[in-house]
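> Questions regarding the structure given below will be posed in turn.
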Amino acid sequence: MSSSAPQDTGHRLWSVDEHLADVLATVRPLEPIELQLLDAQGCVLVEDVTVPVALPPFDNSSMDGYAVRAADVQGASEEFPAVLTVIGDVAAGSGELPTVGPGEAARIMTGAPLPPGAEAVVPVEWTDGGTGGGAVSGMTPASAAPEGSGGEVRVHRPAEARAHVRSRGSDVQAGDLALAAGTVLGPPQIALLAAIGRGTVRVRPRPRVVVMSTGSELVQPGEALASGTIYDSNSFALAAAARDAGAIAYRVGAVEDDADTLRATIEDQLIRADLLVTTGGVSVGAYDVVKEALTSVAGGEDDVSGGKIDFRKLAMQPGKPQGFGTIGPDHTPLLALPGNPVSSYVSFELFVRPAIRALMGLPESEVGRPSVRAVLKADKALGSPAGRRQFLRGKYDAQSGTVSPVGGSGSHLIAALAHADSLMVVPEDVTSVEPGSELEVVLLG
């Protein structure tokens with residue numbers, strides 16, 4: 001085990017891009033595993049999947065109706081219907097199929113294989129349904145009228161060859177590429193895998209992310225607040241954000257401001273973590289317990305200091321204090337985020353979400369949120385500190401291509417964050433953005 005001591009690199013001001021690059025250079029995709037289809041939902045495919053059999057595997061009907069020969073219904077009309085002998089039923093899943101000869105028809109259900117001799121399907125609404133009367137709207141259930149599979153049917157409209165027939169291989173052909181490596185498996189992809197007979201698939205698993213907040217002032221929602229306490233919102237926000245990014249999230253209740261307790265909690269959580277996220281305790285206060293816990297360890301083999309944690313100051317607002325490194329015998333990545341709610345969430349979006357997506361095996365171009373250019377719609381100019389990249393909450397209007405501020409710039413304003421759907425980015429060298437100016441907008445939804 002490495003025993004390199006955690007470091008405080010706070011004297012250097014890191015840029016947002018430098019910090020993110022360091023995170024992505026450290027995080028490696030998880031090793032692939034074979035999973036059952038539903039367990040693989042949200043995972044990234046690591047191999048090309050080819051089609052073993054054509055889909056559909058046989059010609060089948062797209063309608064409930066009658067399988068016929070095209071020549072037998074040519075010229076059919078309501079005044080002069082084609083009268084055909086019904087030789088039986090063909091239901092979905094039918095094995096032995098009747099052969100349709102001249103002057104004959106077979107009742108056929110949607111999805112059922114086209115029987116030999118038949119060339120087209122006439123919808124039941126184009127027939128008398130074997131009743132001897134006018135056009136019908138549907139078939140009588142076979143259990144209620146088994147005689148419907150025999151007798152005669154009058155067809156009131158002609159049908160061209162292959163009408164209402166789904167051809168074998170019209171979806172995909174055997175040997176076609178079904179899904180390429182790198183595909184994220186959502187419900188439609190799971191459906192395709194099942195349709196071509198795949199019961200399992202090789203993927204990179206969803207990362208397990210452990211989220212813990214620190215602070216003796218934190219109380220769990222549902223409990224009573226005492227004087228000087230607040231509810232713990234950060235761990236809920238970050239666990240939800242981790243799930244949204246594609247991870248399996250484990251939320252640990254707030255850890256009190258005690259370095260030994262925090263170290264023990266981290267050590268306990270390492271067994272189920274591909275990534276650790278802490279929030280709070282990374283600044284310069286006397287009770288910044290995360291920084292204390294991870295910079296005061298001795299580096300022995302029995303503690304959690306395998307690896308290295310750097311504490312940094314970033315040229316950004318909110319979210320200036322950050323910590324990042326690896327910890328424990330497996331060098332599990334750890335991101336230590338600020339404790340202010342907005343700082344914590346913005347930091348997650350900029351650094352933790354990309355780390356989660358990198359663990360999933362997605363390319364760097366797909367690990368972050370998408371961004372667009374939009375015109376600022378505001379009553380007054382937005383101010384920004386020189387030398388800092390500022391991230392302000394916004395409401396983006398895709399139709400007009402505009403973005404409007406939501407709330408102020410304070411890093412404690414949770415209500416404003418709840419009503420925002422984007423982050424407005426003010427570059428380091430800009431101190432004022434006038435209404436009507438164009439700026440980068442990171443889309444959160």
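Naming scheme: A, B, ... for chains in displayed order of the structure tokens; residues 1 onward per chain; ligands 1 onward as shown.
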Near A:Ala241, within 10 Å and counting only C-alpha atoms, which residues show up once chain neighbours fewer than 3 positions away are dropped, as a list of chain:residue names?
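Contacts, in chain order: A:Ser235, A:Phe236, A:Ala237, A:Leu238, A:Asp244, A:Ala245, A:Gly246, A:Ala247, A:Ala249, A:Tyr345, A:Phe348, A:Glu349, A:Val352, A:Arg353.
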> Restricting the calculation to only C-alpha atoms: of A:Ala105, A:Val51, A:Ala226, A:Leu276, which residue gets closest to A:Ala174?
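Answer, going by the shortest atom-to-atom distance: A:Val51.
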> Which residues come within 8 Å of A:Pro318, counting only C-alpha atoms, excluding same-chain residues fewer than 6 positions away, as a ChimeraX atom specification?
/A:342-343,346,390-391,411
> Go through A:Ser365, A:Thr402, A:Thr99, A:Thr140 and flag the residue nearest A:Val68, using only C-alpha atoms for the distances.
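Of A:Ser365, A:Thr402, A:Thr99, A:Thr140, the one nearest A:Val68, counting only C-alpha atoms, is A:Thr99.
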